[in-house]
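Participant: This is protein-v5.tsv, which holds TSV, C-alpha atoms:
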chain	number	residue	atom	x	y	z
A	114	MET	CA	51.40	-10.85	-11.11
A	115	ARG	CA	50.30	-7.33	-12.06
A	116	THR	CA	46.68	-8.40	-12.13
A	117	GLU	CA	46.93	-9.88	-8.64
A	118	ARG	CA	48.61	-6.75	-7.31
A	119	ASN	CA	45.96	-4.50	-8.83
A	120	LEU	CA	43.19	-6.68	-7.39
A	121	THR	CA	44.85	-6.59	-3.97
A	122	ARG	CA	45.12	-2.82	-4.08
A	123	ARG	CA	41.47	-2.45	-5.05
A	124	LEU	CA	40.38	-4.73	-2.21
A	125	ASP	CA	42.50	-2.73	0.23
A	126	ARG	CA	40.81	0.47	-0.95
A	127	VAL	CA	37.36	-1.07	-0.55
A	128	PHE	CA	38.06	-2.27	3.01
A	129	ALA	CA	39.65	1.09	3.84
A	130	ARG	CA	36.44	2.82	2.80
A	131	LEU	CA	34.35	0.36	4.78
A	132	ASP	CA	36.44	1.02	7.88
A	133	ARG	CA	35.45	4.67	7.72
A	134	GLU	CA	31.91	3.76	8.69
A	135	PRO	CA	31.40	4.98	12.28
A	136	GLU	CA	31.05	2.41	15.03
A	137	ARG	CA	28.09	2.69	17.37
A	138	PRO	CA	26.42	5.59	15.49
A	139	ALA	CA	24.77	8.02	17.85
A	140	HIS	CA	21.78	8.50	15.59
A	141	ILE	CA	20.56	6.03	12.96
A	142	ASP	CA	18.26	7.53	10.35
A	143	VAL	CA	15.05	5.49	10.58
A	144	PRO	CA	12.56	6.21	7.76
A	145	ARG	CA	9.10	7.23	8.90
A	146	MET	CA	5.73	7.11	7.21
A	147	SER	CA	5.78	10.68	5.96
A	148	ARG	CA	3.07	12.31	3.88
A	149	HIS	CA	5.06	11.83	0.69
A	150	ARG	CA	5.55	8.14	1.42
A	151	ALA	CA	1.88	7.69	2.25
A	152	VAL	CA	0.90	9.23	-1.11
A	153	LEU	CA	3.30	6.88	-2.93
A	154	PHE	CA	1.89	3.91	-1.02
A	155	SER	CA	-1.68	4.85	-1.96
A	156	ALA	CA	-0.78	5.34	-5.63
A	157	THR	CA	1.08	2.02	-5.78
A	158	LEU	CA	-1.83	0.22	-4.14
A	159	ALA	CA	-4.24	1.72	-6.69
A	160	PHE	CA	-1.93	0.60	-9.52
A	161	TYR	CA	-1.83	-2.91	-7.97
A	162	LEU	CA	-5.62	-3.17	-7.87
A	163	ALA	CA	-5.92	-1.79	-11.40
A	164	ILE	CA	-3.60	-4.50	-12.78
A	165	VAL	CA	-5.59	-7.21	-11.01
A	166	TRP	CA	-8.88	-5.82	-12.31
A	167	ALA	CA	-7.55	-5.56	-15.87
A	168	VAL	CA	-6.49	-9.22	-15.84
A	169	VAL	CA	-9.66	-10.51	-14.18
A	170	THR	CA	-11.87	-8.75	-16.73
A	171	THR	CA	-9.71	-9.96	-19.67
A	172	SER	CA	-9.06	-6.44	-20.90
A	173	TRP	CA	-6.50	-5.06	-23.35
A	174	LEU	CA	-3.71	-6.03	-20.93
A	175	VAL	CA	-4.47	-9.73	-21.41
A	176	ARG	CA	-4.41	-9.28	-25.20
A	177	LEU	CA	-1.01	-7.60	-24.85
A	178	ASP	CA	0.19	-10.59	-22.80
A	179	TRP	CA	-0.72	-12.95	-25.62
A	180	GLN	CA	0.88	-10.76	-28.27
A	181	VAL	CA	4.19	-10.69	-26.37
A	182	MET	CA	4.01	-14.42	-25.81
A	183	PHE	CA	3.49	-15.12	-29.54
A	184	PHE	CA	6.36	-12.78	-30.36
A	185	ARG	CA	8.69	-15.17	-28.47
A	186	PRO	CA	11.57	-12.85	-27.55
A	187	TYR	CA	13.89	-15.78	-26.76
A	188	GLN	CA	13.71	-16.72	-30.46
A	189	GLN	CA	14.18	-13.16	-31.69
A	190	TRP	CA	17.42	-12.59	-29.76
A	191	PRO	CA	18.92	-16.00	-29.00
A	192	GLN	CA	22.46	-14.60	-28.58
A	193	ILE	CA	21.66	-13.17	-25.13
A	194	HIS	CA	19.81	-16.24	-23.86
A	195	ALA	CA	22.81	-17.70	-22.03
A	196	PHE	CA	23.58	-14.44	-20.22
A	197	LEU	CA	19.97	-13.89	-19.14
A	198	ASP	CA	19.78	-17.41	-17.75
A	199	TYR	CA	22.36	-16.33	-15.17
A	200	TYR	CA	21.07	-12.80	-14.77
A	201	VAL	CA	17.64	-13.99	-13.68
A	202	VAL	CA	19.26	-15.53	-10.58
A	203	LEU	CA	19.36	-11.99	-9.15
A	204	GLY	CA	15.63	-12.41	-8.61
A	205	GLN	CA	15.72	-15.81	-6.91
A	206	ARG	CA	15.00	-15.61	-3.22
A	207	GLY	CA	17.66	-18.01	-1.92
A	208	PRO	CA	20.87	-16.64	-3.50
A	209	THR	CA	19.88	-12.99	-3.18
A	210	ALA	CA	18.81	-13.37	0.46
A	211	VAL	CA	22.16	-14.98	1.33
A	212	MET	CA	24.19	-12.23	-0.37
A	213	VAL	CA	22.20	-9.37	1.14
A	214	ALA	CA	22.09	-11.01	4.59
A	215	ALA	CA	25.90	-11.37	4.56
A	216	TRP	CA	26.34	-7.65	3.88
A	217	LEU	CA	23.71	-6.58	6.43
A	218	GLY	CA	25.16	-8.99	8.99
A	219	TRP	CA	28.53	-7.29	8.65
A	220	ARG	CA	26.84	-3.91	9.13
A	221	SER	CA	25.01	-5.18	12.21
A	222	TRP	CA	28.27	-6.39	13.75
A	223	ARG	CA	30.05	-3.17	12.79
A	224	GLN	CA	27.40	-0.83	14.19
A	225	HIS	CA	26.42	-3.06	17.14
A	226	THR	CA	22.76	-3.10	16.15
A	227	LEU	CA	20.38	-5.79	14.90
A	228	ARG	CA	18.16	-3.41	12.94
A	229	PRO	CA	19.52	-4.27	9.43
A	230	LEU	CA	19.00	-8.00	9.86
A	231	LEU	CA	15.61	-7.58	11.54
A	232	THR	CA	14.45	-5.25	8.76
A	233	LEU	CA	15.50	-7.78	6.12
A	234	ALA	CA	13.68	-10.57	7.97
A	235	THR	CA	10.54	-8.45	8.27
A	236	SER	CA	10.53	-7.60	4.57
A	237	LEU	CA	10.99	-11.24	3.54
A	238	LEU	CA	8.17	-12.33	5.83
A	239	LEU	CA	5.86	-9.71	4.33
A	240	LEU	CA	6.94	-10.79	0.85
A	241	ASN	CA	6.16	-14.45	1.49
A	242	ALA	CA	2.81	-13.65	3.10
A	243	THR	CA	1.46	-11.16	0.55
A	244	VAL	CA	2.88	-12.44	-2.72
A	245	GLY	CA	2.36	-16.07	-1.76
A	246	ALA	CA	-1.26	-15.47	-0.83
A	247	ALA	CA	-1.89	-13.59	-4.10
A	248	LYS	CA	-0.30	-16.38	-6.16
A	249	LEU	CA	-2.39	-19.11	-4.56
A	250	GLY	CA	-5.55	-17.02	-4.45
A	251	MET	CA	-5.62	-16.07	-8.14
A	252	GLY	CA	-4.13	-19.33	-9.47
A	253	ARG	CA	-3.08	-18.07	-12.89
A	254	LEU	CA	-1.25	-20.34	-15.32
A	255	GLY	CA	1.95	-19.27	-17.06
A	256	PRO	CA	2.54	-18.87	-20.81
A	257	HIS	CA	3.99	-22.36	-21.18
A	258	TYR	CA	0.88	-23.94	-19.63
A	259	ALA	CA	-1.83	-21.76	-21.22
A	260	THR	CA	-4.93	-23.65	-22.35
A	261	VAL	CA	-7.19	-21.19	-24.27
A	262	ILE	CA	-5.83	-18.45	-26.52
A	263	GLY	CA	-6.97	-15.00	-25.39
A	264	SER	CA	-8.10	-16.10	-21.90
A	265	ASN	CA	-6.69	-14.73	-18.66
A	266	GLU	CA	-5.90	-18.28	-17.36
A	267	MET	CA	-7.11	-17.34	-13.88
A	268	GLY	CA	-8.25	-19.83	-11.24
A	269	LEU	CA	-6.65	-22.86	-12.90
A	270	GLY	CA	-4.19	-23.77	-10.12
A	271	GLY	CA	-1.16	-21.78	-11.29
A	272	ASP	CA	1.18	-19.70	-9.11
A	273	ILE	CA	2.80	-17.06	-11.32
A	274	PHE	CA	0.63	-13.96	-10.75
A	275	PRO	CA	2.32	-11.77	-9.51
A	276	SER	CA	5.90	-12.55	-10.54
A	277	GLY	CA	7.86	-13.76	-7.53
A	278	HIS	CA	11.25	-13.10	-9.16
A	279	THR	CA	10.33	-9.47	-9.83
A	280	ALA	CA	8.88	-8.81	-6.37
A	281	ASN	CA	11.84	-10.47	-4.70
A	282	ALA	CA	14.32	-8.39	-6.73
A	283	VAL	CA	12.50	-5.17	-5.75
A	284	VAL	CA	12.46	-6.04	-2.03
A	285	THR	CA	15.89	-7.67	-1.67
A	286	TRP	CA	17.89	-5.02	-3.51
A	287	GLY	CA	15.62	-2.18	-2.43
A	288	ILE	CA	16.25	-2.97	1.23
A	289	LEU	CA	19.84	-1.80	0.74
A	290	ALA	CA	18.56	1.63	-0.32
A	291	TYR	CA	16.07	1.64	2.55
A	292	LEU	CA	18.87	1.03	5.10
A	293	ALA	CA	21.37	3.44	3.53
A	294	SER	CA	23.04	5.72	6.08
A	295	THR	CA	23.24	8.86	3.90
A	296	PRO	CA	20.78	10.48	1.43
A	297	ARG	CA	23.32	10.27	-1.39
A	298	ALA	CA	23.84	6.54	-0.87
A	299	ARG	CA	20.06	6.06	-0.69
A	300	ARG	CA	19.57	7.73	-4.07
A	301	TRP	CA	22.30	5.70	-5.78
A	302	LEU	CA	21.15	2.42	-4.28
A	303	SER	CA	17.53	3.19	-5.19
A	304	ALA	CA	18.54	3.68	-8.84
A	305	VAL	CA	20.63	0.47	-8.86
A	306	SER	CA	17.86	-1.62	-7.27
A	307	ALA	CA	15.27	-0.20	-9.70
A	308	VAL	CA	17.40	-1.07	-12.74
A	309	THR	CA	18.16	-4.55	-11.35
A	310	SER	CA	14.52	-5.38	-10.60
A	311	LEU	CA	13.43	-3.98	-13.98
A	312	GLY	CA	15.98	-6.19	-15.73
A	313	VAL	CA	14.92	-9.27	-13.78
A	314	GLY	CA	11.26	-8.71	-14.65
A	315	MET	CA	11.91	-8.23	-18.36
A	316	THR	CA	14.19	-11.30	-18.34
A	317	THR	CA	11.30	-13.48	-17.14
A	318	VAL	CA	9.19	-12.13	-20.04
A	319	TYR	CA	12.05	-12.83	-22.46
A	320	LEU	CA	12.37	-16.42	-21.23
A	321	GLY	CA	8.61	-16.94	-21.52
A	322	THR	CA	8.11	-17.91	-17.87
A	323	HIS	CA	5.80	-14.95	-17.03
A	324	TRP	CA	3.20	-12.77	-18.67
A	325	LEU	CA	3.91	-9.06	-18.94
A	326	SER	CA	1.10	-8.34	-16.47
A	327	ASP	CA	2.78	-10.70	-13.95
A	328	VAL	CA	5.88	-8.52	-14.02
A	329	LEU	CA	3.88	-5.30	-13.60
A	330	LEU	CA	2.08	-6.72	-10.58
A	331	GLY	CA	5.38	-8.01	-9.14
A	332	TRP	CA	6.91	-4.53	-9.28
A	333	ALA	CA	3.90	-3.08	-7.49
A	334	ALA	CA	3.90	-5.84	-4.84
A	335	GLY	CA	7.58	-5.35	-3.99
A	336	LEU	CA	7.27	-1.57	-3.89
A	337	LEU	CA	4.30	-1.80	-1.52
A	338	ILE	CA	6.38	-3.79	0.95
A	339	LEU	CA	9.25	-1.27	0.88
A	340	LEU	CA	6.84	1.66	1.34
A	341	ALA	CA	5.06	-0.07	4.26
A	342	LEU	CA	8.25	-0.88	6.24
A	343	PRO	CA	8.16	2.32	8.39
A	344	TRP	CA	4.95	1.05	9.98
A	345	PHE	CA	6.94	-1.94	11.31
A	346	GLU	CA	9.87	0.08	12.70
A	347	PRO	CA	8.46	0.20	16.29
A	348	LEU	CA	8.08	-3.58	16.26
A	349	ILE	CA	11.64	-3.97	14.95
A	350	ALA	CA	13.00	-1.69	17.71
A	351	LEU	CA	11.05	-3.60	20.37
A	352	THR	CA	12.36	-6.93	19.09
A	353	GLU	CA	15.93	-5.61	19.10
A	354	ARG	CA	15.68	-4.46	22.72
A	355	TRP	CA	14.20	-7.81	23.74
A	356	LEU	CA	17.03	-9.72	22.04
A	357	PHE	CA	19.70	-7.54	23.67
A	358	ASP	CA	18.09	-7.97	27.10
A	359	LEU	CA	17.97	-11.72	26.55
A	360	ARG	CA	21.66	-11.72	25.61
A	361	ASP	CA	22.61	-9.69	28.70
A	362	ARG	CA	20.70	-12.02	31.01
A	363	TRP	CA	22.35	-15.05	29.42
A	364	ARG	CA	25.80	-13.54	29.84
A	365	ALA	CA	25.08	-12.67	33.48
A	366	ARG	CA	23.97	-16.21	34.23
A	367	ARG	CA	27.03	-17.64	32.51
A	368	SER	CA	29.62	-15.39	34.20
A	369	LEU	CA	28.11	-15.26	37.70
A	370	PRO	CA	26.67	-18.60	38.81
A	371	LEU	CA	24.01	-18.46	41.47
A	372	PRO	CA	25.28	-19.43	44.95
A	373	GLU	CA	23.86	-22.51	46.59
A	374	PRO	CA	21.33	-21.76	49.34
A	375	VAL	CA	22.75	-22.15	52.85
A	376	VAL	CA	20.48	-23.98	55.27
A	377	PRO	CA	21.03	-22.76	58.88
A	378	VAL	CA	21.85	-25.54	61.34
A	379	THR	CA	20.35	-25.20	64.84
A	380	PRO	CA	22.63	-26.70	67.53
A	381	VAL	CA	21.02	-29.28	69.79
A	382	VAL	CA	21.79	-28.87	73.53
A	383	LEU	CA	21.63	-32.07	75.56
A	384	LYS	CA	20.50	-31.57	79.15
A	385	PRO	CA	21.01	-34.17	81.86
A	386	ARG	CA	17.87	-35.92	82.99
A	387	SER	CA	16.80	-34.55	86.37
A	388	THR	CA	16.00	-36.99	89.18
A	389	PRO	CA	13.29	-36.08	91.68
A	390	ALA	CA	14.42	-35.57	95.24
A	391	GLY	CA	14.22	-38.66	97.46
A	392	GLN	CA	14.39	-41.20	94.61
A	393	PRO	CA	17.49	-43.21	93.70
A	394	ALA	CA	19.14	-42.71	90.35
A	395	PRO	CA	18.09	-45.25	87.71
A	396	ALA	CA	20.43	-48.18	87.27
A	397	ARG	CA	22.41	-48.29	84.06
A	398	GLU	CA	22.23	-51.30	81.84
A	399	PRO	CA	25.44	-53.33	81.51
A	400	VAL	CA	27.21	-52.99	78.17
A	401	ALA	CA	29.04	-55.93	76.65
A	402	SER	CA	32.77	-55.41	76.49
A	403	THR	CA	34.58	-55.43	73.17
A	404	ARG	CA	38.07	-56.57	72.31
A	405	ALA	CA	39.39	-53.03	72.54
A	406	SER	CA	37.97	-52.61	76.03
A	407	ARG	CA	39.35	-56.01	77.05
A	408	GLY	CA	42.83	-55.06	75.96
A	409	LEU	CA	42.75	-51.88	78.04
A	410	VAL	CA	41.24	-53.44	81.19
A	411	HIS	CA	44.58	-53.26	83.02
A	412	LEU	CA	44.50	-49.47	82.67
A	413	ALA	CA	41.19	-49.17	84.48
A	414	PRO	CA	41.47	-47.91	88.08
A	415	GLY	CA	40.82	-50.37	90.89
A	416	PRO	CA	42.48	-53.30	92.70
A	417	HIS	CA	44.46	-55.78	90.65
A	418	THR	CA	44.93	-59.48	91.52
A	419	ALA	CA	48.35	-60.40	92.79
A	420	ARG	CA	50.52	-62.80	90.85
A	421	SER	CA	50.37	-65.30	93.77
A	422	GLU	CA	46.57	-65.37	93.63
A	423	ARG	CA	46.47	-66.23	89.91
A	424	THR	CA	46.03	-69.77	88.65
A	425	PRO	CA	49.44	-71.56	88.52
A	426	VAL	CA	50.84	-72.30	85.09
A	427	THR	CA	50.84	-76.02	84.22
A	428	PRO	CA	53.87	-77.78	82.71
A	429	ALA	CA	52.20	-77.52	79.34
A	430	GLY	CA	52.25	-73.71	79.68
A	431	SER	CA	48.51	-73.15	80.28
A	432	ARG	CA	46.60	-71.64	83.17
A	433	ARG	CA	43.48	-73.69	82.51
A	434	PRO	CA	42.49	-76.10	85.30
A	435	PRO	CA	43.33	-79.78	84.65
A	436	HIS	CA	40.67	-82.13	83.40
A	437	ALA	CA	40.65	-85.85	83.98
A	438	ASP	CA	39.22	-86.71	80.59
A	439	ARG	CA	41.82	-84.72	78.63
A	440	VAL	CA	45.19	-86.07	77.53
A	441	PRO	CA	48.24	-83.82	77.29
A	442	ARG	CA	49.49	-83.01	73.80
A	443	GLY	CA	52.15	-85.33	72.42
A	444	THR	CA	50.82	-88.51	74.15
A	445	SER	CA	48.66	-91.19	72.69
A	446	GLN	CA	45.24	-91.81	74.12
A	447	PRO	CA	44.89	-95.25	75.89
A	448	ALA	CA	42.62	-97.67	74.26
A	449	ARG	CA	39.22	-98.08	75.82
A	450	PRO	CA	38.27	-101.52	77.15
What is this file in structure tokens?
Facilitator:
Amino acid sequence: MRTERNLTRRLDRVFARLDREPERPAHIDVPRMSRHRAVLFSATLAFYLAIVWAVVTTSWLVRLDWQVMFFRPYQQWPQIHAFLDYYVVLGQRGPTAVMVAAWLGWRSWRQHTLRPLLTLATSLLLLNATVGAAKLGMGRLGPHYATVIGSNEMGLGGDIFPSGHTANAVVTWGILAYLASTPRARRWLSAVSAVTSLGVGMTTVYLGTHWLSDVLLGWAAGLLILLALPWFEPLIALTERWLFDLRDRWRARRSLPLPEPVVPVTPVVLKPRSTPAGQPAPAREPVASTRASRGLVHLAPGPHTARSERTPVTPAGSRRPPHADRVPRGTSQPARP
């Protein structure tokens, strides 16, 4: 019971702190490509190219890769193997992207802006494009699939150079520091993301799934993406405005349906046909009478026939004239000769 109460109190404190974040901030600090950042980007790019060149030329770095592989760290310290199997998940793209997207989605809803989610999507797209192209282009095999001792194992159809786990850890956790709202939070989150990505990279070396040079190149690849994000801020802002305009138009169409167009009706005026002077009016064609007109014939104006002039009623109760060849009802017809 005490443990549950303490956990509830801690959660209440966390949500209380989160509620202090201002809604609809008047000014969001957007990083720009400053001179300091440009120098860091150039230095990281030079380090990236130097690692690639050292591996391609089979230099001392490749010999160091083989020495670490033969050392087999997972056999030297087997007691931490189980923990590192779970810790390396912090570098997998699926779980980390879901966790970070959930947090940034809450921030987007809280601040009424799509910039955090759009920045995360941009960084992941850059990560897939750059790191994926480098993996397929260099085609290096991993330590478990090495063929010749001392070789760089390049161009043999592999996909481990640079390390995707390491680059993903740098970008996914570093994006939290990039989007931090205060300088203090940015410094703390930068330190946490650096330690996390460093641990993920060394864990892949411990497990024997990557060379040491793979991890070094993965750190450089992820850092290049974070340093290049300010160049994509105008595109992110343009995409956000377009999405908000699209949402507003959709809401307007849903709340106010368009009225149906009214077609004006022009009244038709019927004029009597004029007859030239000196000519008689055209005769009208007779129209057959219907049952309704027959029933109302006695209402028509004009002379009516007197009862004495009508045909007398026969004993059978009919006004039809007698016929010699007809026999009254109720009598038998005489036999013919």
Participant: Which residue, A:Leu320, A:Ala298, A:Leu330, A:Ile349, has the smallest gap to A:Gln189 when you use only C-alpha atoms?
Facilitator: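 Smallest separation from A:Gln189 among the options: A:Leu320.
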Participant: Looking at all atoms listed in the file, which of A:Arg228, A:Arg297, A:Lys248, A:Arg206 is the one that sits closest to A:Asp327?
Facilitator: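 Looking only at the distances to A:Asp327, the closest residue turns out to be A:Lys248.
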Participant: For a test of reading the model, state the distance in Å between atom CA of A:Trp216 and atom CA of A:Gly287, rounded to one decimal.
Facilitator: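 Computing the Euclidean distance for atom CA of A:Trp216 and atom CA of A:Gly287 yields 13.6 Å.
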Participant: Any idea what the distance is between atom CA of A:Gly277 and atom CA of A:Leu238?
Facilitator: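 Computing the Euclidean distance for atom CA of A:Gly277 and atom CA of A:Leu238 yields 13.4 Å.
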Participant: Any idea what's packed within 12 Å of A:Val165, counting only C-alpha atoms, ignoring anything in its chain fewer than 2 positions away? Could you give it as a PDB file with C-alpha atoms, in the coordinates of the input?
Facilitator:
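Listed below is the output, result.pdb:
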ATOM      1  CA  LEU A 158      -1.830   0.220  -4.140  1.00  0.00           C
ATOM      2  CA  ALA A 159      -4.240   1.720  -6.690  1.00  0.00           C
ATOM      3  CA  PHE A 160      -1.930   0.600  -9.520  1.00  0.00           C
ATOM      4  CA  TYR A 161      -1.830  -2.910  -7.970  1.00  0.00           C
ATOM      5  CA  LEU A 162      -5.620  -3.170  -7.870  1.00  0.00           C
ATOM      6  CA  ALA A 163      -5.920  -1.790 -11.400  1.00  0.00           C
ATOM      7  CA  ALA A 167      -7.550  -5.560 -15.870  1.00  0.00           C
ATOM      8  CA  VAL A 168      -6.490  -9.220 -15.840  1.00  0.00           C
ATOM      9  CA  VAL A 169      -9.660 -10.510 -14.180  1.00  0.00           C
ATOM     10  CA  THR A 170     -11.870  -8.750 -16.730  1.00  0.00           C
ATOM     11  CA  THR A 171      -9.710  -9.960 -19.670  1.00  0.00           C
ATOM     12  CA  SER A 172      -9.060  -6.440 -20.900  1.00  0.00           C
ATOM     13  CA  LEU A 174      -3.710  -6.030 -20.930  1.00  0.00           C
ATOM     14  CA  VAL A 175      -4.470  -9.730 -21.410  1.00  0.00           C
ATOM     15  CA  ALA A 247      -1.890 -13.590  -4.100  1.00  0.00           C
ATOM     16  CA  LYS A 248      -0.300 -16.380  -6.160  1.00  0.00           C
ATOM     17  CA  GLY A 250      -5.550 -17.020  -4.450  1.00  0.00           C
ATOM     18  CA  MET A 251      -5.620 -16.070  -8.140  1.00  0.00           C
ATOM     19  CA  ARG A 253      -3.080 -18.070 -12.890  1.00  0.00           C
ATOM     20  CA  ASN A 265      -6.690 -14.730 -18.660  1.00  0.00           C
ATOM     21  CA  MET A 267      -7.110 -17.340 -13.880  1.00  0.00           C
ATOM     22  CA  PHE A 274       0.630 -13.960 -10.750  1.00  0.00           C
ATOM     23  CA  PRO A 275       2.320 -11.770  -9.510  1.00  0.00           C
ATOM     24  CA  SER A 326       1.100  -8.340 -16.470  1.00  0.00           C
ATOM     25  CA  ASP A 327       2.780 -10.700 -13.950  1.00  0.00           C
ATOM     26  CA  VAL A 328       5.880  -8.520 -14.020  1.00  0.00           C
ATOM     27  CA  LEU A 329       3.880  -5.300 -13.600  1.00  0.00           C
ATOM     28  CA  LEU A 330       2.080  -6.720 -10.580  1.00  0.00           C
ATOM     29  CA  GLY A 331       5.380  -8.010  -9.140  1.00  0.00           C
ATOM     30  CA  ALA A 333       3.900  -3.080  -7.490  1.00  0.00           C
ATOM     31  CA  ALA A 334       3.900  -5.840  -4.840  1.00  0.00           C
TER      32      ALA A 334
END
Participant: Report, in Å with one decimal, the straight-line distance from atom CA of A:Ala282 to atom CA of A:Leu348.
Facilitator: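 Atom-to-atom, atom CA of A:Ala282 to atom CA of A:Leu348, that is 24.3 Å.
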Participant: Any idea what's packed within 12 Å of A:Thr295, counting only C-alpha atoms, ignoring anything in its chain fewer than 3 positions away? Could you give it as a PyMOL selection string?
Facilitator: chain A and resi 134+140-144+289-292+298-302
Participant: Please, could you write that set of residues out with C-alpha atoms as a PDB file, in the coordinates of the input?
Facilitator:
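Contents of out_37.pdb, freshly written:
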ATOM      1  CA  GLU A 134      31.910   3.760   8.690  1.00  0.00           C
ATOM      2  CA  HIS A 140      21.780   8.500  15.590  1.00  0.00           C
ATOM      3  CA  ILE A 141      20.560   6.030  12.960  1.00  0.00           C
ATOM      4  CA  ASP A 142      18.260   7.530  10.350  1.00  0.00           C
ATOM      5  CA  VAL A 143      15.050   5.490  10.580  1.00  0.00           C
ATOM      6  CA  PRO A 144      12.560   6.210   7.760  1.00  0.00           C
ATOM      7  CA  LEU A 289      19.840  -1.800   0.740  1.00  0.00           C
ATOM      8  CA  ALA A 290      18.560   1.630  -0.320  1.00  0.00           C
ATOM      9  CA  TYR A 291      16.070   1.640   2.550  1.00  0.00           C
ATOM     10  CA  LEU A 292      18.870   1.030   5.100  1.00  0.00           C
ATOM     11  CA  ALA A 298      23.840   6.540  -0.870  1.00  0.00           C
ATOM     12  CA  ARG A 299      20.060   6.060  -0.690  1.00  0.00           C
ATOM     13  CA  ARG A 300      19.570   7.730  -4.070  1.00  0.00           C
ATOM     14  CA  TRP A 301      22.300   5.700  -5.780  1.00  0.00           C
ATOM     15  CA  LEU A 302      21.150   2.420  -4.280  1.00  0.00           C
TER      16      LEU A 302
END
Participant: Pick out the residues sitting within 12 Å of A:Val202, and hand them over as a list in words; count only C-alpha atoms, and ignore anything fewer than 4 positions along from it in its own chain.
Facilitator: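 Non-adjacent residues within range: Phe196, Leu197, Asp198, Arg206, Gly207, Pro208, Thr209, Ala210, Met212, Gly277, His278, Thr279, Asn281, Ala282, Thr309, Ser310, Gly312, Val313, Gly314, Thr316 and Thr317 of chain A.
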Participant: List the residues sitting within 10 Å of (8.3, 1.5, -2.7) in the file's frame, using only C-alpha atoms, as a list in words.
Facilitator: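 Taken together, the residues in range are Arg150, Leu153, Phe154, Thr157, Val283, Val284, Gly287, Ile288, Tyr291, Ser303, Trp332, Ala333, Ala334, Gly335, Leu336, Leu337, Ile338, Leu339, Leu340, Ala341 and Leu342 of chain A.
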Participant: Could you check the closest approach to A:Trp179 for each of A:Thr352, A:Asp361, A:Ala259, A:Ile273 and tell me which residue wins, using all atoms listed in the file?
Facilitator: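 Of all the options, A:Ala259 lies closest to A:Trp179.
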Participant: Have a look at A:His323, A:Arg364, A:Arg185, A:His194 and name the one nearest to A:Asp272; count all atoms listed in the file.
Facilitator: A:His323
